[in-house]
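For reference, input-v2.pdb (PDB, C-alpha atoms):
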ATOM      1  CA  MET E 127     113.208 -42.150  87.134
ATOM      2  CA  LYS E 128     109.534 -42.762  87.908
ATOM      3  CA  LEU E 129     107.613 -44.833  85.344
ATOM      4  CA  SER E 130     104.044 -44.594  86.563
ATOM      5  CA  GLY E 131     101.780 -47.292  85.125
ATOM      6  CA  ALA E 132     104.538 -48.661  82.926
ATOM      7  CA  LEU E 133     106.854 -51.583  82.588
ATOM      8  CA  SER E 134     110.597 -50.976  82.743
ATOM      9  CA  THR E 135     112.554 -53.215  80.406
ATOM     10  CA  LEU E 136     116.158 -54.151  80.845
ATOM     11  CA  LEU E 137     118.688 -54.921  78.124
ATOM     12  CA  LEU E 138     121.221 -57.262  79.635
ATOM     13  CA  THR E 139     124.485 -58.822  78.541
ATOM     14  CA  SER E 140     125.638 -62.250  79.664
ATOM     15  CA  GLN E 141     129.185 -61.081  80.411
ATOM     16  CA  CYS E 142     130.551 -58.811  83.133
ATOM     17  CA  ARG E 143     129.944 -55.584  81.183
ATOM     18  CA  PHE E 144     126.317 -54.522  81.120
ATOM     19  CA  SER E 145     124.404 -52.123  78.905
ATOM     20  CA  TYR E 146     121.024 -51.065  80.197
ATOM     21  CA  SER E 147     118.243 -49.725  78.023
ATOM     22  CA  TRP E 148     115.184 -48.526  79.914
ATOM     23  CA  SER E 149     111.917 -47.837  78.176
ATOM     24  CA  ALA E 150     108.340 -47.341  79.260
ATOM     25  CA  VAL E 151     106.188 -50.075  77.738
ATOM     26  CA  SER E 152     102.483 -50.595  78.320
ATOM     27  CA  THR E 153     101.826 -53.706  80.385
ATOM     28  CA  LYS E 154      99.366 -54.746  77.677
ATOM     29  CA  LYS E 155     102.341 -55.027  75.351
ATOM     30  CA  LYS E 156     104.681 -56.828  77.718
ATOM     31  CA  MET E 157     105.243 -59.644  75.209
ATOM     32  CA  ALA E 158     106.264 -57.279  72.404
ATOM     33  CA  SER E 159     109.745 -57.353  70.878
ATOM     34  CA  TYR E 160     112.348 -54.821  71.963
ATOM     35  CA  SER E 161     114.783 -52.756  69.918
ATOM     36  CA  PRO E 162     118.458 -52.771  70.876
ATOM     37  CA  SER E 163     120.045 -49.668  72.298
ATOM     38  CA  SER E 164     122.584 -47.664  70.321
ATOM     39  CA  THR E 165     125.536 -48.930  72.339
ATOM     40  CA  GLY E 166     127.057 -51.279  69.779
ATOM     41  CA  LEU E 167     125.897 -54.506  71.383
ATOM     42  CA  PRO E 168     126.422 -57.831  69.594
ATOM     43  CA  ALA E 169     123.742 -58.889  67.121
ATOM     44  CA  GLU E 170     122.977 -62.252  68.743
ATOM     45  CA  ARG E 171     120.279 -61.704  71.337
ATOM     46  CA  VAL E 172     117.387 -63.688  72.758
ATOM     47  CA  ALA E 173     113.988 -62.329  73.743
ATOM     48  CA  PHE E 174     112.811 -63.569  77.126
ATOM     49  CA  SER E 175     110.174 -63.091  79.784
ATOM     50  CA  LYS E 176     110.759 -63.532  83.491
ATOM     51  CA  TYR E 177     108.213 -65.277  85.723
ATOM     52  CA  GLU E 178     108.230 -66.553  89.284
ATOM     53  CA  GLY E 179     106.258 -69.045  91.309
ATOM     54  CA  LEU E 180     106.601 -68.118  94.997
ATOM     55  CA  GLY E 181     110.070 -66.752  94.309
ATOM     56  CA  ASN E 182     111.218 -69.802  92.315
ATOM     57  CA  ASP E 183     112.083 -67.752  89.227
ATOM     58  CA  PHE E 184     112.438 -68.714  85.584
ATOM     59  CA  ILE E 185     113.402 -67.297  82.211
ATOM     60  CA  LEU E 186     110.707 -68.187  79.670
ATOM     61  CA  ILE E 187     111.593 -68.545  75.977
ATOM     62  CA  ASP E 188     108.951 -68.563  73.227
ATOM     63  CA  ASP E 189     109.981 -71.496  71.022
ATOM     64  CA  ARG E 190     106.499 -72.438  69.867
ATOM     65  CA  ASP E 191     107.811 -72.654  66.292
ATOM     66  CA  LYS E 192     110.526 -75.154  67.266
ATOM     67  CA  MET E 193     110.743 -78.775  68.338
ATOM     68  CA  ASP E 194     113.884 -78.310  70.438
ATOM     69  CA  PRO E 195     115.201 -75.526  72.701
ATOM     70  CA  SER E 196     116.824 -72.607  70.906
ATOM     71  CA  LEU E 197     119.495 -72.316  73.620
ATOM     72  CA  THR E 198     122.094 -74.830  74.715
ATOM     73  CA  PRO E 199     122.425 -75.900  78.343
ATOM     74  CA  GLU E 200     125.610 -73.810  78.553
ATOM     75  CA  GLN E 201     123.880 -70.683  77.210
ATOM     76  CA  SER E 202     120.986 -71.259  79.595
ATOM     77  CA  ALA E 203     123.331 -71.560  82.569
ATOM     78  CA  LYS E 204     124.943 -68.224  81.615
ATOM     79  CA  MET E 205     121.527 -66.539  81.421
ATOM     80  CA  CYS E 206     120.723 -67.858  84.906
ATOM     81  CA  ASN E 207     123.790 -66.175  86.389
ATOM     82  CA  ARG E 208     122.487 -63.464  88.715
ATOM     83  CA  ASN E 209     125.665 -61.412  88.557
ATOM     84  CA  PHE E 210     126.414 -61.443  84.836
ATOM     85  CA  SER E 211     123.031 -61.906  83.119
ATOM     86  CA  VAL E 212     119.284 -62.079  83.742
ATOM     87  CA  GLY E 213     119.427 -64.428  86.714
ATOM     88  CA  ALA E 214     117.043 -67.313  87.418
ATOM     89  CA  ASP E 215     116.680 -70.804  88.850
ATOM     90  CA  GLY E 216     116.178 -72.180  85.335
ATOM     91  CA  VAL E 217     115.255 -71.540  81.698
ATOM     92  CA  ILE E 218     111.951 -72.919  80.376
ATOM     93  CA  PHE E 219     111.161 -73.375  76.680
ATOM     94  CA  ALA E 220     107.613 -73.389  75.260
ATOM     95  CA  LEU E 221     107.904 -75.781  72.300
ATOM     96  CA  GLN E 222     105.849 -77.430  69.593
ATOM     97  CA  PRO E 223     104.237 -80.640  70.833
ATOM     98  CA  PRO E 224     105.414 -83.971  69.395
ATOM     99  CA  ASN E 225     101.812 -84.870  68.590
ATOM    100  CA  SER E 226      99.142 -82.189  68.321
ATOM    101  CA  ASP E 227      96.375 -84.747  68.858
ATOM    102  CA  GLU E 228      97.670 -85.603  72.324
ATOM    103  CA  TYR E 229      99.411 -82.416  73.439
ATOM    104  CA  ASP E 230      99.050 -78.657  73.121
ATOM    105  CA  PHE E 231     102.673 -77.765  73.907
ATOM    106  CA  LYS E 232     105.959 -79.274  75.009
ATOM    107  CA  MET E 233     108.054 -78.084  77.955
ATOM    108  CA  ARG E 234     111.805 -78.392  78.373
ATOM    109  CA  ILE E 235     113.792 -76.858  81.195
ATOM    110  CA  TYR E 236     117.473 -76.364  81.971
ATOM    111  CA  ASN E 237     118.542 -75.749  85.562
ATOM    112  CA  SER E 238     120.876 -72.938  86.544
ATOM    113  CA  ASP E 239     123.812 -75.377  86.341
ATOM    114  CA  GLY E 240     122.865 -76.495  82.815
ATOM    115  CA  SER E 241     121.423 -79.855  83.863
ATOM    116  CA  GLU E 242     117.987 -80.897  82.611
ATOM    117  CA  PRO E 243     115.345 -82.067  85.088
ATOM    118  CA  GLU E 244     112.354 -84.132  84.063
ATOM    119  CA  MET E 245     109.825 -81.532  85.192
ATOM    120  CA  CYS E 246     109.317 -78.550  87.500
ATOM    121  CA  GLY E 247     106.077 -77.877  89.353
ATOM    122  CA  ASN E 248     106.557 -74.148  89.890
ATOM    123  CA  GLY E 249     107.966 -73.885  86.390
ATOM    124  CA  ILE E 250     104.950 -75.424  84.710
ATOM    125  CA  ARG E 251     102.642 -72.940  86.447
ATOM    126  CA  CYS E 252     104.846 -70.147  85.110
ATOM    127  CA  LEU E 253     104.734 -71.749  81.655
ATOM    128  CA  ALA E 254     100.933 -71.870  81.773
ATOM    129  CA  GLN E 255     100.753 -68.165  82.629
ATOM    130  CA  PHE E 256     103.335 -67.399  79.912
ATOM    131  CA  LEU E 257     101.219 -69.215  77.306
ATOM    132  CA  ALA E 258      98.092 -67.362  78.421
ATOM    133  CA  ASP E 259      99.961 -64.040  78.214
ATOM    134  CA  LEU E 260     101.068 -64.960  74.695
ATOM    135  CA  GLY E 261      97.410 -65.224  73.739
ATOM    136  CA  GLU E 262      97.103 -69.008  73.838
ATOM    137  CA  THR E 263      93.573 -69.585  75.105
ATOM    138  CA  PRO E 264      93.550 -72.474  77.581
ATOM    139  CA  PRO E 265      91.553 -75.428  76.208
ATOM    140  CA  ASP E 266      88.696 -76.890  78.202
ATOM    141  CA  GLY E 267      90.351 -78.968  80.890
ATOM    142  CA  GLY E 268      93.643 -77.074  80.723
ATOM    143  CA  TYR E 269      96.796 -77.103  78.614
ATOM    144  CA  ARG E 270      98.115 -80.585  77.821
ATOM    145  CA  ILE E 271     101.878 -80.216  78.295
ATOM    146  CA  ASP E 272     104.340 -82.885  77.201
ATOM    147  CA  THR E 273     107.266 -83.113  79.639
ATOM    148  CA  LEU E 274     110.059 -85.599  80.277
ATOM    149  CA  ALA E 275     107.959 -86.736  83.260
ATOM    150  CA  GLY E 276     104.891 -87.377  81.096
ATOM    151  CA  THR E 277     101.735 -85.369  80.447
ATOM    152  CA  ILE E 278     101.093 -82.533  82.916
ATOM    153  CA  ILE E 279      97.881 -80.482  82.775
ATOM    154  CA  PRO E 280      97.719 -76.976  84.311
ATOM    155  CA  THR E 281      94.313 -75.298  84.572
ATOM    156  CA  MET E 282      93.911 -71.524  84.829
ATOM    157  CA  ASP E 283      91.619 -69.904  87.421
ATOM    158  CA  SER E 284      90.564 -66.680  85.708
ATOM    159  CA  LYS E 285      88.956 -65.289  88.866
ATOM    160  CA  GLY E 286      91.484 -66.066  91.574
ATOM    161  CA  GLY E 287      94.666 -65.760  89.537
ATOM    162  CA  MET E 288      95.798 -69.201  90.702
ATOM    163  CA  ILE E 289      96.804 -72.206  88.611
ATOM    164  CA  THR E 290      95.909 -75.786  89.495
ATOM    165  CA  VAL E 291      98.111 -78.483  88.003
ATOM    166  CA  ASP E 292      97.246 -82.152  87.597
ATOM    167  CA  MET E 293     100.668 -83.535  88.528
ATOM    168  CA  GLY E 294      99.744 -87.167  87.914
ATOM    169  CA  GLU E 295     100.341 -90.099  90.230
ATOM    170  CA  PRO E 296     103.344 -90.352  92.542
ATOM    171  CA  GLU E 297     105.898 -93.103  91.959
ATOM    172  CA  LEU E 298     106.482 -94.924  95.240
ATOM    173  CA  VAL E 299     108.552 -97.967  94.277
ATOM    174  CA  GLY E 300     112.001 -97.202  95.621
ATOM    175  CA  ALA E 301     113.946 -98.569  92.661
ATOM    176  CA  LYS E 302     111.906 -96.437  90.269
ATOM    177  CA  VAL E 303     112.459 -93.144  92.144
ATOM    178  CA  PRO E 304     115.362 -94.143  91.788
ATOM    179  CA  CYS E 305     116.708 -94.908  95.273
ATOM    180  CA  THR E 306     118.897 -97.873  96.224
ATOM    181  CA  LEU E 307     118.037 -97.942  99.934
ATOM    182  CA  GLU E 308     116.419-101.153 101.169
ATOM    183  CA  PRO E 309     112.611-100.947 100.757
ATOM    184  CA  ASN E 310     110.917-100.993 104.156
ATOM    185  CA  PHE E 311     107.265-100.257 103.382
ATOM    186  CA  GLU E 312     104.408-101.683 101.349
ATOM    187  CA  GLY E 313     104.876-101.931  97.583
ATOM    188  CA  ASP E 314     108.694-101.984  97.796
ATOM    189  CA  SER E 315     108.653 -98.343  98.855
ATOM    190  CA  ILE E 316     110.955 -96.387 101.168
ATOM    191  CA  VAL E 317     109.446 -94.597 104.167
ATOM    192  CA  GLU E 318     111.695 -93.111 106.856
ATOM    193  CA  GLN E 319     114.518 -95.490 106.058
ATOM    194  CA  THR E 320     117.960 -94.849 107.545
ATOM    195  CA  LEU E 321     120.500 -93.096 105.303
ATOM    196  CA  THR E 322     124.035 -92.387 106.525
ATOM    197  CA  LEU E 323     126.212 -89.619 105.130
ATOM    198  CA  ASP E 324     129.966 -89.993 104.673
ATOM    199  CA  ASN E 325     130.513 -88.001 107.886
ATOM    200  CA  GLY E 326     128.440 -90.505 109.866
ATOM    201  CA  LYS E 327     125.354 -88.311 110.206
ATOM    202  CA  GLU E 328     122.108 -90.283 109.925
ATOM    203  CA  PHE E 329     118.734 -89.280 108.504
ATOM    204  CA  LYS E 330     115.369 -91.019 108.225
ATOM    205  CA  VAL E 331     114.429 -90.481 104.580
ATOM    206  CA  SER E 332     111.396 -91.181 102.416
ATOM    207  CA  ALA E 333     111.778 -91.532  98.654
ATOM    208  CA  VAL E 334     109.080 -90.341  96.236
ATOM    209  CA  SER E 335     109.177 -89.469  92.543
ATOM    210  CA  MET E 336     106.911 -86.924  90.881
ATOM    211  CA  GLY E 337     108.650 -87.595  87.576
ATOM    212  CA  ASN E 338     111.826 -86.446  89.344
ATOM    213  CA  PRO E 339     113.389 -87.870  92.524
ATOM    214  CA  HIS E 340     112.754 -86.502  96.003
ATOM    215  CA  CYS E 341     114.293 -87.276  99.378
ATOM    216  CA  ILE E 342     111.998 -86.157 102.204
ATOM    217  CA  ILE E 343     113.162 -85.766 105.793
ATOM    218  CA  PHE E 344     110.897 -84.831 108.725
ATOM    219  CA  VAL E 345     112.332 -82.712 111.532
ATOM    220  CA  ASP E 346     110.965 -81.143 114.697
ATOM    221  CA  ASP E 347     112.488 -77.718 114.039
ATOM    222  CA  LEU E 348     113.558 -76.483 110.588
ATOM    223  CA  ASP E 349     115.682 -73.741 112.071
ATOM    224  CA  ASN E 350     117.703 -75.805 114.520
ATOM    225  CA  ASP E 351     117.619 -79.488 113.521
ATOM    226  CA  ILE E 352     119.506 -79.320 110.198
ATOM    227  CA  ASP E 353     122.723 -77.918 108.789
ATOM    228  CA  PHE E 354     120.998 -76.851 105.582
ATOM    229  CA  GLU E 355     124.014 -75.622 103.596
ATOM    230  CA  ASN E 356     125.935 -78.845 104.243
ATOM    231  CA  ASP E 357     123.217 -81.479 104.602
ATOM    232  CA  GLY E 358     121.402 -80.357 101.445
ATOM    233  CA  PRO E 359     124.207 -80.896  98.919
ATOM    234  CA  ALA E 360     125.454 -84.028 100.713
ATOM    235  CA  LEU E 361     122.030 -85.641 100.383
ATOM    236  CA  GLU E 362     121.526 -84.383  96.808
ATOM    237  CA  CYS E 363     124.634 -86.242  95.643
ATOM    238  CA  HIS E 364     124.396 -89.306  97.922
ATOM    239  CA  SER E 365     125.033 -92.613  96.165
ATOM    240  CA  ALA E 366     121.662 -93.932  97.359
ATOM    241  CA  PHE E 367     120.136 -91.633  94.713
ATOM    242  CA  PRO E 368     121.924 -92.581  91.451
ATOM    243  CA  ALA E 369     120.215 -89.774  89.487
ATOM    244  CA  LYS E 370     120.871 -87.345  92.359
ATOM    245  CA  THR E 371     117.837 -85.997  94.190
ATOM    246  CA  ASN E 372     115.883 -83.000  95.367
ATOM    247  CA  VAL E 373     115.930 -82.735  99.156
ATOM    248  CA  GLU E 374     113.022 -81.522 101.269
ATOM    249  CA  PHE E 375     113.271 -80.898 105.018
ATOM    250  CA  VAL E 376     109.778 -80.812 106.523
ATOM    251  CA  GLN E 377     108.253 -79.671 109.803
ATOM    252  CA  VAL E 378     104.685 -80.685 110.691
ATOM    253  CA  ILE E 379     102.756 -77.632 111.904
ATOM    254  CA  SER E 380      99.304 -79.246 112.118
ATOM    255  CA  SER E 381      97.232 -82.010 110.531
ATOM    256  CA  ASN E 382      96.774 -79.942 107.352
ATOM    257  CA  HIS E 383      99.776 -77.626 107.426
ATOM    258  CA  LEU E 384     103.408 -78.453 106.650
ATOM    259  CA  LYS E 385     106.460 -76.202 106.440
ATOM    260  CA  MET E 386     109.505 -76.995 104.330
ATOM    261  CA  LYS E 387     112.934 -75.974 103.061
ATOM    262  CA  VAL E 388     114.201 -77.345  99.771
ATOM    263  CA  TRP E 389     117.610 -78.040  98.301
ATOM    264  CA  GLU E 390     116.924 -78.549  94.591
ATOM    265  CA  ARG E 391     118.902 -80.893  92.412
ATOM    266  CA  GLY E 392     120.957 -78.774  90.027
ATOM    267  CA  ALA E 393     119.896 -75.446  91.566
ATOM    268  CA  GLY E 394     120.668 -75.583  95.294
ATOM    269  CA  PRO E 395     118.492 -73.641  97.759
ATOM    270  CA  THR E 396     115.371 -72.132  96.182
ATOM    271  CA  LEU E 397     112.341 -70.357  97.608
ATOM    272  CA  ALA E 398     109.893 -73.006  96.382
ATOM    273  CA  CYS E 399     109.676 -76.403  94.674
ATOM    274  CA  GLY E 400     106.339 -77.558  93.272
ATOM    275  CA  THR E 401     107.158 -81.231  92.686
ATOM    276  CA  GLY E 402     108.858 -81.347  96.080
ATOM    277  CA  THR E 403     105.766 -79.960  97.757
ATOM    278  CA  CYS E 404     103.678 -82.709  96.161
ATOM    279  CA  ALA E 405     106.195 -85.382  97.155
ATOM    280  CA  LEU E 406     106.407 -84.291 100.786
ATOM    281  CA  VAL E 407     102.618 -84.346 101.238
ATOM    282  CA  VAL E 408     102.590 -87.926  99.935
ATOM    283  CA  ALA E 409     105.482 -88.816 102.236
ATOM    284  CA  ALA E 410     103.780 -87.190 105.231
ATOM    285  CA  ILE E 411     100.583 -89.160 104.670
ATOM    286  CA  ARG E 412     102.416 -92.462 104.208
ATOM    287  CA  ALA E 413     104.548 -91.888 107.311
ATOM    288  CA  GLY E 414     101.435 -91.136 109.386
ATOM    289  CA  LYS E 415     102.385 -87.506 109.992
ATOM    290  CA  ILE E 416      99.091 -86.164 108.604
ATOM    291  CA  PRO E 417      95.795 -87.870 107.666
ATOM    292  CA  HIS E 418      94.790 -88.757 104.116
ATOM    293  CA  THR E 419      91.446 -86.974 103.924
ATOM    294  CA  SER E 420      89.178 -85.610 101.215
ATOM    295  CA  GLU E 421      88.276 -82.511 103.242
ATOM    296  CA  GLY E 422      90.489 -80.150 101.262
ATOM    297  CA  PRO E 423      94.088 -79.482 100.350
ATOM    298  CA  CYS E 424      97.096 -79.514 102.632
ATOM    299  CA  ARG E 425      98.763 -76.130 103.015
ATOM    300  CA  VAL E 426     102.531 -76.220 102.553
ATOM    301  CA  THR E 427     104.508 -73.147 103.587
ATOM    302  CA  LEU E 428     107.737 -72.610 101.651
ATOM    303  CA  PRO E 429     110.245 -69.765 102.014
ATOM    304  CA  GLY E 430     108.492 -68.010  99.101
ATOM    305  CA  GLY E 431     104.892 -68.544 100.232
ATOM    306  CA  ASP E 432     102.168 -71.203 100.308
ATOM    307  CA  LEU E 433     101.149 -73.978  97.914
ATOM    308  CA  PHE E 434      98.048 -76.142  98.328
ATOM    309  CA  ILE E 435      98.287 -79.869  97.609
ATOM    310  CA  GLU E 436      95.602 -82.564  97.259
ATOM    311  CA  TRP E 437      96.300 -86.294  96.915
ATOM    312  CA  ARG E 438      92.922 -87.481  95.682
ATOM    313  CA  LYS E 439      91.911 -90.975  96.688
ATOM    314  CA  GLN E 440      89.563 -91.511  93.750
ATOM    315  CA  ASN E 441      92.281 -91.380  91.091
ATOM    316  CA  ASN E 442      95.557 -91.391  93.097
ATOM    317  CA  LYS E 443      96.604 -88.122  91.427
ATOM    318  CA  ILE E 444      98.257 -85.091  93.000
ATOM    319  CA  TYR E 445      96.830 -81.605  92.398
ATOM    320  CA  MET E 446      98.931 -78.528  93.126
ATOM    321  CA  THR E 447      97.504 -75.000  93.334
ATOM    322  CA  GLY E 448      99.571 -71.834  93.393
ATOM    323  CA  PRO E 449     100.521 -68.696  91.427
ATOM    324  CA  GLY E 450     102.651 -68.106  88.331
ATOM    325  CA  THR E 451     103.522 -64.419  88.137
ATOM    326  CA  PHE E 452     104.967 -62.261  85.363
ATOM    327  CA  SER E 453     107.950 -60.084  86.364
ATOM    328  CA  PHE E 454     109.407 -58.454  83.233
ATOM    329  CA  SER E 455     110.463 -59.030  79.612
ATOM    330  CA  GLY E 456     113.567 -58.006  77.718
ATOM    331  CA  MET E 457     116.476 -58.953  75.495
ATOM    332  CA  ALA E 458     119.658 -60.704  76.652
ATOM    333  CA  ASP E 459     122.927 -60.850  74.730
ATOM    334  CA  LEU E 460     124.425 -64.255  74.060
ATOM    335  CA  LYS E 461     128.232 -64.353  74.027
TER     336      LYS E 461
END
Could you spell out this file's structure in structure tokens?
Amino acid sequence: MKLSGALSTLLLTSQCRFSYSWSAVSTKKKMASYSPSSTGLPAERVAFSKYEGLGNDFILIDDRDKMDPSLTPEQSAKMCNRNFSVGADGVIFALQPPNSDEYDFKMRIYNSDGSEPEMCGNGIRCLAQFLADLGETPPDGGYRIDTLAGTIIPTMDSKGGMITVDMGEPELVGAKVPCTLEPNFEGDSIVEQTLTLDNGKEFKVSAVSMGNPHCIIFVDDLDNDIDFENDGPALECHSAFPAKTNVEFVQVISSNHLKMKVWERGAGPTLACGTGTCALVVAAIRAGKIPHTSEGPCRVTLPGGDLFIEWRKQNNKIYMTGPGTFSFSGMADLK
């Protein structure tokens, strides 16, 4: 069925039996509510919108009238199942801020396994676009978002369709990442320190936190130098990272271009990781892989596309620029 100039909406169940209800809806009304089909579906449903940031995809829930998420971690994990429900890398909730004088909104996120990370760089860009699509006019200076990693401020670019996020300052003290490897660099930090897996395989790892922990490893060839499906989860759960960790494998292409693969804590392989991209640029500069200049952002190529990262010397903050793109909206059954 061809739906020219229209949005197709999908009514999904979170169990193995699906009921689909297709309707043509104007893209100007993509945030509108949807009526259930006449197939006798359960009454308990949740309205959602789907967004992606370079293929790192999220279910967005409008909880602006609530202080806490309307779904449990278990319900969120079911919605993230790509075979039996909507499918996503995580569920993001737009919530009331704890203090309206300091914040505009609050963000909470559950990973596809039900765990809760402190923050998500691609996710917060998607949240910013979601809020704008809901009619929330961005304040001067950007939305002030309260997260478990602190205040994060995304700014909308109305002309280019990109979103720049003030990600704050990186945490470099190894114990605060947290990482238990012996510090080997200035400020009790960890830069290309040896880490040994249970199978005896060794890596040179750098530890950086962007409100969540990251383990960065530089390689000569992303395609041939790592066993991604085995090394990723082994590093994620290594005892040197007591809170587990995101893992980024990085290849240096040029002085202002890096390429990476990511194994995300609680989600596994994803097409992009915003906080990881920020962390690996910091790690690359500190390890002497690329220069720390003020001549423009570093381009980072991920499986899902490019992000642009600046580590500004004047305030020590990281700025990430990339898209947050609407995919579709609908209703999902909760069972």
Using only C-alpha atoms, what does the table of range 406-442 of chain E residues within 8 Å of range 396-399 of chain E look like, with each row giving the shortest atom pair and its distance in Å to one decimal, sorted by chain and ascending number, as a Markdown table?
| residue | atom | partner | partner_atom | distance |
| --- | --- | --- | --- | --- |
| E:Leu428 | CA | E:Ala398 | CA | 5.7 |
| E:Pro429 | CA | E:Leu397 | CA | 4.9 |
| E:Gly430 | CA | E:Leu397 | CA | 4.7 |
| E:Gly431 | CA | E:Ala398 | CA | 7.7 |
- I would like the residues chosen by the PyMOL selection byres ((chain E and resi 182) around 7) on the shown file; could you give them as a ChimeraX atom specification? /E:178-181,183-184,215,248,396-398
- Using all atoms listed in the file, find the one residue out of E:Val376, E:Met336, E:Leu298, E:Leu433 that sits nearest to Gly313 in chain E.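 When distances to Gly313 in chain E are compared using all atoms listed in the file, the smallest one comes from E:Leu298.
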- What gap, in Å, lies between CA of Asp351 in chain E and CA of Lys330 in chain E? 12.9 Å
Running the PyMOL selection byres ((chain E and resi 402-404) around 10) on this model by hand, what would come out? Give it as a short mmCIF file (atom, residue, chain, number, x, y, z; two decimals) with C-alpha atoms, in the coordinates of the input.
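The new file expr_1.cif reads:
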data_model
loop_
_atom_site.label_atom_id
_atom_site.label_comp_id
_atom_site.auth_asym_id
_atom_site.auth_seq_id
_atom_site.Cartn_x
_atom_site.Cartn_y
_atom_site.Cartn_z
CA CYS E 246 109.32 -78.55 87.50
CA GLY E 247 106.08 -77.88 89.35
CA ASN E 248 106.56 -74.15 89.89
CA MET E 293 100.67 -83.54 88.53
CA PRO E 296 103.34 -90.35 92.54
CA VAL E 334 109.08 -90.34 96.24
CA SER E 335 109.18 -89.47 92.54
CA MET E 336 106.91 -86.92 90.88
CA ASN E 338 111.83 -86.45 89.34
CA PRO E 339 113.39 -87.87 92.52
CA HIS E 340 112.75 -86.50 96.00
CA CYS E 341 114.29 -87.28 99.38
CA ILE E 342 112.00 -86.16 102.20
CA ASN E 372 115.88 -83.00 95.37
CA VAL E 373 115.93 -82.74 99.16
CA GLU E 374 113.02 -81.52 101.27
CA PHE E 375 113.27 -80.90 105.02
CA VAL E 376 109.78 -80.81 106.52
CA LEU E 384 103.41 -78.45 106.65
CA LYS E 385 106.46 -76.20 106.44
CA MET E 386 109.50 -77.00 104.33
CA LYS E 387 112.93 -75.97 103.06
CA VAL E 388 114.20 -77.34 99.77
CA TRP E 389 117.61 -78.04 98.30
CA GLU E 390 116.92 -78.55 94.59
CA ALA E 398 109.89 -73.01 96.38
CA CYS E 399 109.68 -76.40 94.67
CA GLY E 400 106.34 -77.56 93.27
CA THR E 401 107.16 -81.23 92.69
CA ALA E 405 106.20 -85.38 97.16
CA LEU E 406 106.41 -84.29 100.79
CA VAL E 407 102.62 -84.35 101.24
CA VAL E 408 102.59 -87.93 99.94
CA ALA E 409 105.48 -88.82 102.24
CA CYS E 424 97.10 -79.51 102.63
CA ARG E 425 98.76 -76.13 103.02
CA VAL E 426 102.53 -76.22 102.55
CA THR E 427 104.51 -73.15 103.59
CA LEU E 428 107.74 -72.61 101.65
CA ASP E 432 102.17 -71.20 100.31
CA LEU E 433 101.15 -73.98 97.91
CA PHE E 434 98.05 -76.14 98.33
CA ILE E 435 98.29 -79.87 97.61
CA GLU E 436 95.60 -82.56 97.26
CA TRP E 437 96.30 -86.29 96.92
CA ILE E 444 98.26 -85.09 93.00
CA TYR E 445 96.83 -81.60 92.40
CA MET E 446 98.93 -78.53 93.13
#
- Task: Step by step, work through what the PyMOL selection byres ((chain E and resi 416) around 10) selects in the shown file, and finish by giving those residues as a list in words.
- Result: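 The output of the PyMOL selection byres ((chain E and resi 416) around 10) on this file is Val378, Ile379, Ser380, Ser381, Asn382, His383, Leu384, Val407, Val408, Ala409, Ala410, Ile411, Arg412, Ala413, Gly414, Lys415, Pro417, His418, Thr419 and Cys424 of chain E.
One finds CA of Gly276 in chain E at 12.2 Å from CA of Pro224 in chain E.
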- Between CA of Ser284 in chain E and CA of Leu257 in chain E - distance in Å to one decimal: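 Calculated distance between CA of Leu257 in chain E and CA of Ser284 in chain E is 13.8 Å.
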Tell me, as a PDB file with C-alpha atoms, in the coordinates of the input, which residues lie within 7 Å of Ala173 in chain E, counting only C-alpha atoms; anything in the same chain fewer than 3 positions away does not count.
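Generated output (around_26.pdb):
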ATOM      1  CA  GLY E 456     113.567 -58.006  77.718  1.00  0.00           C
ATOM      2  CA  MET E 457     116.476 -58.953  75.495  1.00  0.00           C
ATOM      3  CA  ALA E 458     119.658 -60.704  76.652  1.00  0.00           C
TER       4      ALA E 458
END
- Within 9 Å of Cys206 in chain E, counting all atoms listed in the file, which residues show up once you throw out same-chain ones fewer than 5 positions away? Write them as a ChimeraX atom specification, please. /E:184-185,201,211-217,237-239
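The residue set within 7 Å of Val331 in chain E, counting all atoms listed in the file and dropping same-chain residues fewer than 6 places from it, reads E:Val317, E:Glu318, E:Gln319, E:Thr320, E:Leu321, E:Cys341, E:Ile342, E:Ile343.
Of the listed residues (E:Cys252, E:Leu197, E:Ala369, E:Ile279), E:Ile279 comes nearest to Tyr229 in chain E; the distances count only C-alpha atoms.
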- Task: Scan for residues within 12 Å of the point (117.0, -80.7, 80.7) in the coordinates of the file, using all atoms listed in the file, and reply as an NGL selection string.
- Result: :E and (194-195 or 197-200 or 202-203 or 216-219 or 233-246 or 273-275 or 338 or 391-392)
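Distances to Gly326 in chain E were evaluated for E:Pro368, E:Asp357, E:Ser420, E:Gly261 using only C-alpha atoms, and the minimum falls at E:Asp357.
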